[in-house]
Amino acid sequence: EVEQTYWHRLIYDLMPDAVLDRNLAFSATRLAKIGTEDNYDKNDFVTRIDLVGFDDPDIVLIHGGTNDRRASTPTHVILGDYGYDKPLEELDRYRFRSSYVCLVRKIMEKYPGVKIVCIIGDTLNTEKYQDLADSIKAIADHYGFPTVSFTYALESADGVHPSLYGAEYMADRIFEVLEAEGLLYYKR
């Protein structure tokens, strides 16, 4: 149920005056494109910001990278370079790091003053995928964004999506970071 997701609990149960602007989640999508041209590749994170976007967000939570870890063989999508100083149109959307940088730069450009929080899922904080988690952390640090990093399985049946308990735990942890960063009452 939608009421049992971490973001619903965070917005409606924990934050004093929060309202959902828009949820841009699209099942099984990635930050980086891999060239399949399937429905998932046509709905990557940057494309959704370009096509749908938000109305007027104060805070944007980015929880991405989980599907990138399984996006190509042999292990996951190619990391590539960050491209912090490249023009947006030159960022390689087929590489994880530059796709993530493209996403955050587009959000900052479209919504000046918005606060971005990067979420690093527990499936990335493993030996095999630590490079993805470290890349998200490096990008967040570069831009001064807070991160919420999960480091243990959130008790799900499928090993990826959190259980009810896991979703509650995620909401509580994100809330703690928002509170520590002074974002509970933030308005741009």
# chains A, B, ... in the order shown; residues from 1 in each chain; ligands from 1
>>> residues_around(residues="Gly65 in chain A", least_positions_apart="4", cutoff="10 Å", atoms="only C-alpha atoms", output="number ranges by chain")
A: 29-32, 69-71, 77, 96, 100, 119-121, 123-124, 129, 132-133, 135-136
>>> write_last_selection(atoms="N, CA, C and O atoms", output="PDB file, in the first residue's frame")
ATOM      1  N   THR A  29      13.689   1.526 -13.152  1.00  0.00           N
ATOM      2  CA  THR A  29      14.473   2.421 -13.991  1.00  0.00           C
ATOM      3  C   THR A  29      15.823   2.742 -13.359  1.00  0.00           C
ATOM      4  O   THR A  29      16.054   2.499 -12.184  1.00  0.00           O
ATOM      5  N   ARG A  30      16.668   3.314 -14.168  1.00  0.00           N
ATOM      6  CA  ARG A  30      18.048   3.594 -13.782  1.00  0.00           C
ATOM      7  C   ARG A  30      18.362   5.076 -13.948  1.00  0.00           C
ATOM      8  O   ARG A  30      17.629   5.811 -14.596  1.00  0.00           O
ATOM      9  N   LEU A  31      19.501   5.461 -13.411  1.00  0.00           N
ATOM     10  CA  LEU A  31      20.031   6.793 -13.661  1.00  0.00           C
ATOM     11  C   LEU A  31      20.660   6.840 -15.043  1.00  0.00           C
ATOM     12  O   LEU A  31      20.428   7.757 -15.806  1.00  0.00           O
ATOM     13  N   ALA A  32      21.484   5.862 -15.360  1.00  0.00           N
ATOM     14  CA  ALA A  32      22.170   5.827 -16.651  1.00  0.00           C
ATOM     15  C   ALA A  32      21.368   5.016 -17.657  1.00  0.00           C
ATOM     16  O   ALA A  32      20.752   4.015 -17.319  1.00  0.00           O
ATOM     17  N   ARG A  69      22.907  -1.108 -10.730  1.00  0.00           N
ATOM     18  CA  ARG A  69      23.858  -2.160 -10.372  1.00  0.00           C
ATOM     19  C   ARG A  69      23.638  -3.432 -11.180  1.00  0.00           C
ATOM     20  O   ARG A  69      24.515  -4.251 -11.318  1.00  0.00           O
ATOM     21  N   ARG A  70      22.464  -3.584 -11.742  1.00  0.00           N
ATOM     22  CA  ARG A  70      22.181  -4.792 -12.507  1.00  0.00           C
ATOM     23  C   ARG A  70      21.841  -4.476 -13.965  1.00  0.00           C
ATOM     24  O   ARG A  70      21.284  -5.291 -14.680  1.00  0.00           O
ATOM     25  N   ALA A  71      22.230  -3.289 -14.395  1.00  0.00           N
ATOM     26  CA  ALA A  71      21.806  -2.826 -15.706  1.00  0.00           C
ATOM     27  C   ALA A  71      22.595  -3.395 -16.869  1.00  0.00           C
ATOM     28  O   ALA A  71      22.133  -3.358 -17.991  1.00  0.00           O
ATOM     29  N   VAL A  77      26.405  -1.073 -14.594  1.00  0.00           N
ATOM     30  CA  VAL A  77      26.635   0.009 -15.535  1.00  0.00           C
ATOM     31  C   VAL A  77      28.052   0.580 -15.381  1.00  0.00           C
ATOM     32  O   VAL A  77      28.635   0.525 -14.307  1.00  0.00           O
ATOM     33  N   PHE A  96      27.133   6.128 -15.317  1.00  0.00           N
ATOM     34  CA  PHE A  96      26.441   6.383 -14.056  1.00  0.00           C
ATOM     35  C   PHE A  96      26.758   7.756 -13.468  1.00  0.00           C
ATOM     36  O   PHE A  96      25.856   8.526 -13.137  1.00  0.00           O
ATOM     37  N   TYR A 100      24.167  10.949 -13.038  1.00  0.00           N
ATOM     38  CA  TYR A 100      23.767  11.463 -11.725  1.00  0.00           C
ATOM     39  C   TYR A 100      24.059  12.964 -11.644  1.00  0.00           C
ATOM     40  O   TYR A 100      23.217  13.748 -11.180  1.00  0.00           O
ATOM     41  N   ILE A 119      19.906   9.563  -1.313  1.00  0.00           N
ATOM     42  CA  ILE A 119      19.707   8.334  -0.549  1.00  0.00           C
ATOM     43  C   ILE A 119      20.524   7.230  -1.207  1.00  0.00           C
ATOM     44  O   ILE A 119      20.425   7.011  -2.416  1.00  0.00           O
ATOM     45  N   ILE A 120      21.325   6.545  -0.395  1.00  0.00           N
ATOM     46  CA  ILE A 120      22.134   5.434  -0.880  1.00  0.00           C
ATOM     47  C   ILE A 120      21.549   4.160  -0.295  1.00  0.00           C
ATOM     48  O   ILE A 120      21.610   3.938   0.914  1.00  0.00           O
ATOM     49  N   GLY A 121      20.967   3.348  -1.159  1.00  0.00           N
ATOM     50  CA  GLY A 121      20.299   2.127  -0.708  1.00  0.00           C
ATOM     51  C   GLY A 121      21.256   1.065  -0.209  1.00  0.00           C
ATOM     52  O   GLY A 121      22.427   1.017  -0.593  1.00  0.00           O
ATOM     53  N   THR A 123      21.504  -2.051  -0.863  1.00  0.00           N
ATOM     54  CA  THR A 123      22.053  -3.000  -1.832  1.00  0.00           C
ATOM     55  C   THR A 123      23.295  -2.435  -2.525  1.00  0.00           C
ATOM     56  O   THR A 123      24.052  -3.190  -3.132  1.00  0.00           O
ATOM     57  N   LEU A 124      23.512  -1.134  -2.438  1.00  0.00           N
ATOM     58  CA  LEU A 124      24.724  -0.538  -3.008  1.00  0.00           C
ATOM     59  C   LEU A 124      25.879  -0.552  -2.017  1.00  0.00           C
ATOM     60  O   LEU A 124      27.038  -0.518  -2.415  1.00  0.00           O
ATOM     61  N   TYR A 129      29.171  -3.600  -5.026  1.00  0.00           N
ATOM     62  CA  TYR A 129      28.631  -2.373  -5.604  1.00  0.00           C
ATOM     63  C   TYR A 129      29.041  -1.110  -4.869  1.00  0.00           C
ATOM     64  O   TYR A 129      28.462  -0.049  -5.080  1.00  0.00           O
ATOM     65  N   LEU A 132      29.383   2.248  -6.698  1.00  0.00           N
ATOM     66  CA  LEU A 132      28.192   3.058  -6.972  1.00  0.00           C
ATOM     67  C   LEU A 132      27.836   3.908  -5.762  1.00  0.00           C
ATOM     68  O   LEU A 132      27.560   5.102  -5.890  1.00  0.00           O
ATOM     69  N   ALA A 133      27.854   3.307  -4.579  1.00  0.00           N
ATOM     70  CA  ALA A 133      27.562   4.056  -3.348  1.00  0.00           C
ATOM     71  C   ALA A 133      28.582   5.177  -3.155  1.00  0.00           C
ATOM     72  O   ALA A 133      28.211   6.317  -2.835  1.00  0.00           O
ATOM     73  N   SER A 135      30.281   6.683  -5.432  1.00  0.00           N
ATOM     74  CA  SER A 135      30.064   7.708  -6.466  1.00  0.00           C
ATOM     75  C   SER A 135      28.951   8.663  -6.062  1.00  0.00           C
ATOM     76  O   SER A 135      29.080   9.885  -6.222  1.00  0.00           O
ATOM     77  N   ILE A 136      27.857   8.117  -5.533  1.00  0.00           N
ATOM     78  CA  ILE A 136      26.753   8.977  -5.071  1.00  0.00           C
ATOM     79  C   ILE A 136      27.242   9.876  -3.944  1.00  0.00           C
ATOM     80  O   ILE A 136      26.964  11.079  -3.925  1.00  0.00           O
TER      81      ILE A 136
END
>>> residues_around(residues="Asp58 in chain A", least_positions_apart="3", cutoff="8 Å", atoms="only C-alpha atoms", output="list in words")
Gly113, Val114, Lys115, Tyr186, Lys187 and Arg188 of chain A
>>> write_last_selection(atoms="C-alpha atoms", output="PDB file, in the first residue's frame")
ATOM      1  CA  GLY A 113      17.139  27.058  -4.108  1.00  0.00           C
ATOM      2  CA  VAL A 114      15.767  23.511  -3.891  1.00  0.00           C
ATOM      3  CA  LYS A 115      17.451  21.288  -1.306  1.00  0.00           C
ATOM      4  CA  TYR A 186      12.558  24.597   4.798  1.00  0.00           C
ATOM      5  CA  LYS A 187      10.855  26.769   2.186  1.00  0.00           C
ATOM      6  CA  ARG A 188      12.722  28.159  -0.765  1.00  0.00           C
TER       7      ARG A 188
END
>>> residues_around(residues="Gly83 in chain A", least_positions_apart="6", cutoff="10 Å", atoms="only C-alpha atoms", output="ChimeraX atom specification")
/A:90-92,97-102
>>> residues_around(residues="range 34-42 of chain A", least_positions_apart="4", cutoff="10 Å", atoms="only C-alpha atoms", output="mmCIF file with C-alpha atoms, in the first residue's frame")
data_model
loop_
_atom_site.group_PDB
_atom_site.id
_atom_site.type_symbol
_atom_site.label_atom_id
_atom_site.label_comp_id
_atom_site.auth_asym_id
_atom_site.auth_seq_id
_atom_site.Cartn_x
_atom_site.Cartn_y
_atom_site.Cartn_z
ATOM 1 C CA PHE A 26 9.074 4.520 -12.220
ATOM 2 C CA SER A 27 9.644 0.861 -11.473
ATOM 3 C CA ALA A 28 12.993 -0.706 -12.421
ATOM 4 C CA THR A 29 14.473 2.421 -13.991
ATOM 5 C CA ARG A 30 18.048 3.594 -13.782
ATOM 6 C CA VAL A 46 17.001 12.541 -16.232
ATOM 7 C CA THR A 47 14.301 11.948 -18.851
ATOM 8 C CA ARG A 48 11.626 12.075 -16.138
ATOM 9 C CA ASP A 68 21.980 0.566 -12.220
ATOM 10 C CA ALA A 71 21.806 -2.826 -15.706
ATOM 11 C CA SER A 72 24.560 -4.416 -17.757
ATOM 12 C CA VAL A 77 26.635 0.009 -15.535
ATOM 13 C CA ILE A 78 29.910 1.727 -16.425
ATOM 14 C CA ARG A 93 23.951 9.688 -20.116
ATOM 15 C CA TYR A 94 25.245 6.127 -20.659
ATOM 16 C CA ARG A 95 27.582 6.424 -17.662
ATOM 17 C CA PHE A 96 26.441 6.383 -14.056
#
>>> closest_residue(among="A:Gly53, A:Pro146, A:Gly64, A:Pro112", to="Ala180 in chain A", atoms="only C-alpha atoms")
A:Pro146
>>> residues_around(residues="Tyr152 in chain A", least_positions_apart="3", cutoff="12 Å", atoms="only C-alpha atoms", output="list in words")
Ile120, Gly121, Asp122, Thr123, Leu124, Asn125, Thr126, Ser149, Glu155, Ser156, Gly159, Val160, Pro162, Gly166, Tyr169 and Met170 of chain A
>>> write_last_selection(atoms="N, CA and C atoms", output="PDB file, in the first residue's frame")
ATOM      1  N   ILE A 120      21.325   6.545  -0.395  1.00  0.00           N
ATOM      2  CA  ILE A 120      22.134   5.434  -0.880  1.00  0.00           C
ATOM      3  C   ILE A 120      21.549   4.160  -0.295  1.00  0.00           C
ATOM      4  N   GLY A 121      20.967   3.348  -1.159  1.00  0.00           N
ATOM      5  CA  GLY A 121      20.299   2.127  -0.708  1.00  0.00           C
ATOM      6  C   GLY A 121      21.256   1.065  -0.209  1.00  0.00           C
ATOM      7  N   ASP A 122      20.743   0.198   0.634  1.00  0.00           N
ATOM      8  CA  ASP A 122      21.572  -0.832   1.257  1.00  0.00           C
ATOM      9  C   ASP A 122      22.156  -1.822   0.257  1.00  0.00           C
ATOM     10  N   THR A 123      21.504  -2.051  -0.863  1.00  0.00           N
ATOM     11  CA  THR A 123      22.053  -3.000  -1.832  1.00  0.00           C
ATOM     12  C   THR A 123      23.295  -2.435  -2.525  1.00  0.00           C
ATOM     13  N   LEU A 124      23.512  -1.134  -2.438  1.00  0.00           N
ATOM     14  CA  LEU A 124      24.724  -0.538  -3.008  1.00  0.00           C
ATOM     15  C   LEU A 124      25.879  -0.552  -2.017  1.00  0.00           C
ATOM     16  N   ASN A 125      25.580  -0.579  -0.749  1.00  0.00           N
ATOM     17  CA  ASN A 125      26.618  -0.594   0.281  1.00  0.00           C
ATOM     18  C   ASN A 125      27.087  -2.018   0.543  1.00  0.00           C
ATOM     19  N   THR A 126      27.557  -2.644  -0.509  1.00  0.00           N
ATOM     20  CA  THR A 126      28.104  -3.997  -0.431  1.00  0.00           C
ATOM     21  C   THR A 126      29.441  -3.990  -1.155  1.00  0.00           C
ATOM     22  N   SER A 149      22.539   7.053   4.097  1.00  0.00           N
ATOM     23  CA  SER A 149      23.118   5.820   3.582  1.00  0.00           C
ATOM     24  C   SER A 149      22.658   4.641   4.425  1.00  0.00           C
ATOM     25  N   GLU A 155      15.120  -6.119   5.360  1.00  0.00           N
ATOM     26  CA  GLU A 155      14.192  -7.216   5.619  1.00  0.00           C
ATOM     27  C   GLU A 155      13.089  -7.378   4.584  1.00  0.00           C
ATOM     28  N   SER A 156      13.469  -7.374   3.337  1.00  0.00           N
ATOM     29  CA  SER A 156      12.457  -7.558   2.306  1.00  0.00           C
ATOM     30  C   SER A 156      12.454  -8.988   1.808  1.00  0.00           C
ATOM     31  N   GLY A 159      14.816  -8.989  -1.323  1.00  0.00           N
ATOM     32  CA  GLY A 159      16.189  -8.567  -1.145  1.00  0.00           C
ATOM     33  C   GLY A 159      16.481  -7.182  -1.697  1.00  0.00           C
ATOM     34  N   VAL A 160      15.496  -6.497  -2.259  1.00  0.00           N
ATOM     35  CA  VAL A 160      15.705  -5.160  -2.814  1.00  0.00           C
ATOM     36  C   VAL A 160      14.727  -4.163  -2.202  1.00  0.00           C
ATOM     37  N   PRO A 162      12.123  -2.665   0.485  1.00  0.00           N
ATOM     38  CA  PRO A 162      12.024  -2.818   1.937  1.00  0.00           C
ATOM     39  C   PRO A 162      10.698  -3.428   2.381  1.00  0.00           C
ATOM     40  N   GLY A 166      11.233  -2.190   7.228  1.00  0.00           N
ATOM     41  CA  GLY A 166      12.312  -1.503   6.526  1.00  0.00           C
ATOM     42  C   GLY A 166      11.908  -0.114   6.062  1.00  0.00           C
ATOM     43  N   TYR A 169      11.837   2.168   9.023  1.00  0.00           N
ATOM     44  CA  TYR A 169      13.210   2.491   9.396  1.00  0.00           C
ATOM     45  C   TYR A 169      13.784   3.547   8.442  1.00  0.00           C
ATOM     46  N   MET A 170      13.568   3.370   7.143  1.00  0.00           N
ATOM     47  CA  MET A 170      14.065   4.333   6.159  1.00  0.00           C
ATOM     48  C   MET A 170      13.488   5.724   6.420  1.00  0.00           C
TER      49      MET A 170
END
>>> atom_distance(atom1="CA of Glu1 in chain A", atom2="CA of Tyr165 in chain A")
13.4 Å
>>> residues_around(residues="Ile59 in chain A", least_positions_apart="4", cutoff="12 Å", atoms="only C-alpha atoms", output="list of chain:residue names")
A:Ile11, A:Ala18, A:Val19, A:Leu20, A:Asp21, A:Arg22, A:Phe54, A:Asp55, A:Ile107, A:Met108, A:Tyr111, A:Pro112, A:Gly113, A:Val114, A:Lys115, A:Ile116, A:Val117, A:Cys118, A:Phe145, A:Pro146, A:Leu178, A:Glu181, A:Gly182, A:Leu183, A:Leu184, A:Tyr185, A:Tyr186, A:Lys187, A:Arg188
>>> write_last_selection(atoms="N, CA and C atoms", output="mmCIF file, in the first residue's frame")
data_model
loop_
_atom_site.group_PDB
_atom_site.id
_atom_site.type_symbol
_atom_site.label_atom_id
_atom_site.label_comp_id
_atom_site.auth_asym_id
_atom_site.auth_seq_id
_atom_site.Cartn_x
_atom_site.Cartn_y
_atom_site.Cartn_z
ATOM 1 N N ILE A 11 6.597 11.923 4.675
ATOM 2 C CA ILE A 11 5.860 13.147 4.356
ATOM 3 C C ILE A 11 4.643 13.343 5.255
ATOM 4 N N ALA A 18 4.759 18.994 5.610
ATOM 5 C CA ALA A 18 5.135 18.546 4.269
ATOM 6 C C ALA A 18 3.921 18.157 3.431
ATOM 7 N N VAL A 19 4.070 18.354 2.127
ATOM 8 C CA VAL A 19 3.067 17.958 1.147
ATOM 9 C C VAL A 19 3.833 17.370 -0.027
ATOM 10 N N LEU A 20 3.365 16.278 -0.555
ATOM 11 C CA LEU A 20 4.009 15.676 -1.717
ATOM 12 C C LEU A 20 3.770 16.551 -2.937
ATOM 13 N N ASP A 21 4.848 16.996 -3.566
ATOM 14 C CA ASP A 21 4.739 17.755 -4.812
ATOM 15 C C ASP A 21 4.461 16.774 -5.950
ATOM 16 N N ARG A 22 5.345 15.810 -6.125
ATOM 17 C CA ARG A 22 5.150 14.777 -7.142
ATOM 18 C C ARG A 22 6.141 13.656 -6.889
ATOM 19 N N PHE A 54 8.721 18.563 -11.527
ATOM 20 C CA PHE A 54 7.932 18.842 -10.333
ATOM 21 C C PHE A 54 7.150 20.122 -10.549
ATOM 22 N N ASP A 55 6.267 20.442 -9.605
ATOM 23 C CA ASP A 55 5.564 21.716 -9.667
ATOM 24 C C ASP A 55 6.384 22.805 -8.984
ATOM 25 N N ILE A 107 18.020 19.522 -11.860
ATOM 26 C CA ILE A 107 17.120 19.863 -10.753
ATOM 27 C C ILE A 107 17.476 21.245 -10.210
ATOM 28 N N MET A 108 18.759 21.492 -9.985
ATOM 29 C CA MET A 108 19.175 22.787 -9.440
ATOM 30 C C MET A 108 18.862 23.929 -10.410
ATOM 31 N N TYR A 111 14.900 24.365 -10.528
ATOM 32 C CA TYR A 111 14.291 24.741 -9.252
ATOM 33 C C TYR A 111 15.338 25.403 -8.352
ATOM 34 N N PRO A 112 15.744 26.627 -8.665
ATOM 35 C CA PRO A 112 16.777 27.303 -7.868
ATOM 36 C C PRO A 112 16.394 27.346 -6.386
ATOM 37 N N GLY A 113 17.363 27.033 -5.550
ATOM 38 C CA GLY A 113 17.139 27.058 -4.108
ATOM 39 C C GLY A 113 16.606 25.757 -3.538
ATOM 40 N N VAL A 114 16.267 24.793 -4.382
ATOM 41 C CA VAL A 114 15.767 23.511 -3.891
ATOM 42 C C VAL A 114 16.877 22.803 -3.115
ATOM 43 N N LYS A 115 16.505 22.091 -2.077
ATOM 44 C CA LYS A 115 17.451 21.288 -1.306
ATOM 45 C C LYS A 115 17.340 19.847 -1.797
ATOM 46 N N ILE A 116 18.480 19.250 -2.073
ATOM 47 C CA ILE A 116 18.527 17.871 -2.570
ATOM 48 C C ILE A 116 19.144 16.997 -1.499
ATOM 49 N N VAL A 117 18.521 15.829 -1.274
ATOM 50 C CA VAL A 117 19.030 14.832 -0.343
ATOM 51 C C VAL A 117 19.235 13.547 -1.133
ATOM 52 N N CYS A 118 20.428 12.987 -1.048
ATOM 53 C CA CYS A 118 20.758 11.762 -1.784
ATOM 54 C C CYS A 118 20.646 10.554 -0.865
ATOM 55 N N PHE A 145 25.326 18.310 -0.668
ATOM 56 C CA PHE A 145 24.036 17.700 -0.342
ATOM 57 C C PHE A 145 24.196 16.728 0.824
ATOM 58 N N PRO A 146 23.216 16.669 1.694
ATOM 59 C CA PRO A 146 23.238 15.621 2.712
ATOM 60 C C PRO A 146 22.939 14.259 2.081
ATOM 61 N N LEU A 178 17.078 15.019 7.740
ATOM 62 C CA LEU A 178 16.400 16.289 7.436
ATOM 63 C C LEU A 178 16.379 17.205 8.659
ATOM 64 N N GLU A 181 19.829 18.613 9.347
ATOM 65 C CA GLU A 181 20.201 19.596 8.322
ATOM 66 C C GLU A 181 19.327 20.854 8.372
ATOM 67 N N GLY A 182 18.347 20.874 9.276
ATOM 68 C CA GLY A 182 17.467 22.032 9.395
ATOM 69 C C GLY A 182 16.471 22.149 8.262
ATOM 70 N N LEU A 183 16.065 21.035 7.695
ATOM 71 C CA LEU A 183 15.188 21.051 6.529
ATOM 72 C C LEU A 183 13.721 20.737 6.829
ATOM 73 N N LEU A 184 13.375 20.520 8.065
ATOM 74 C CA LEU A 184 11.986 20.148 8.355
ATOM 75 C C LEU A 184 11.001 21.257 8.010
ATOM 76 N N TYR A 185 11.406 22.474 8.136
ATOM 77 C CA TYR A 185 10.524 23.602 7.850
ATOM 78 C C TYR A 185 11.054 24.436 6.688
ATOM 79 N N TYR A 186 11.901 23.843 5.856
ATOM 80 C CA TYR A 186 12.558 24.597 4.798
ATOM 81 C C TYR A 186 11.583 24.998 3.699
ATOM 82 N N LYS A 187 11.614 26.242 3.343
ATOM 83 C CA LYS A 187 10.855 26.769 2.186
ATOM 84 C C LYS A 187 11.828 27.580 1.371
ATOM 85 N N ARG A 188 11.801 27.362 0.066
ATOM 86 C CA ARG A 188 12.722 28.159 -0.765
ATOM 87 C C ARG A 188 12.111 29.505 -1.096
#
>>> residues_around(residues="Ala171 in chain A", least_positions_apart="5", cutoff="7 Å", atoms="only C-alpha atoms", output="JSON, numbers by chain")
{"A": [6, 7, 9, 10]}
>>> write_last_selection(atoms="N, CA, C and O atoms", output="PDB file, in the first residue's frame")
ATOM      1  N   TYR A   6       8.188   4.282   2.465  1.00  0.00           N
ATOM      2  CA  TYR A   6       9.001   5.160   3.315  1.00  0.00           C
ATOM      3  C   TYR A   6       8.687   6.626   3.051  1.00  0.00           C
ATOM      4  O   TYR A   6       8.627   7.434   3.983  1.00  0.00           O
ATOM      5  N   TRP A   7       8.484   6.990   1.811  1.00  0.00           N
ATOM      6  CA  TRP A   7       8.269   8.407   1.504  1.00  0.00           C
ATOM      7  C   TRP A   7       6.904   8.890   2.002  1.00  0.00           C
ATOM      8  O   TRP A   7       6.775  10.019   2.441  1.00  0.00           O
ATOM      9  N   ARG A   9       5.304   7.695   4.677  1.00  0.00           N
ATOM     10  CA  ARG A   9       5.463   7.839   6.134  1.00  0.00           C
ATOM     11  C   ARG A   9       6.243   9.108   6.456  1.00  0.00           C
ATOM     12  O   ARG A   9       5.877   9.862   7.363  1.00  0.00           O
ATOM     13  N   LEU A  10       7.308   9.363   5.730  1.00  0.00           N
ATOM     14  CA  LEU A  10       8.118  10.546   5.962  1.00  0.00           C
ATOM     15  C   LEU A  10       7.296  11.816   5.790  1.00  0.00           C
ATOM     16  O   LEU A  10       7.272  12.683   6.666  1.00  0.00           O
TER      17      LEU A  10
END
>>> select_by_dssp(residues="range 2-188 of chain A", states="strand (DSSP E or B)", output="JSON, numbers by chain")
{"A": [59, 60, 61, 62, 63, 115, 116, 117, 118, 119, 120, 147, 148, 149]}
>>> atom_distance(atom1="CA of Phe175 in chain A", atom2="CA of Ala140 in chain A")
17.6 Å
>>> closest_residue(among="A:Ala167, A:Leu14, A:Leu79, A:Ala25", to="Gln130 in chain A", atoms="only C-alpha atoms")
A:Leu79
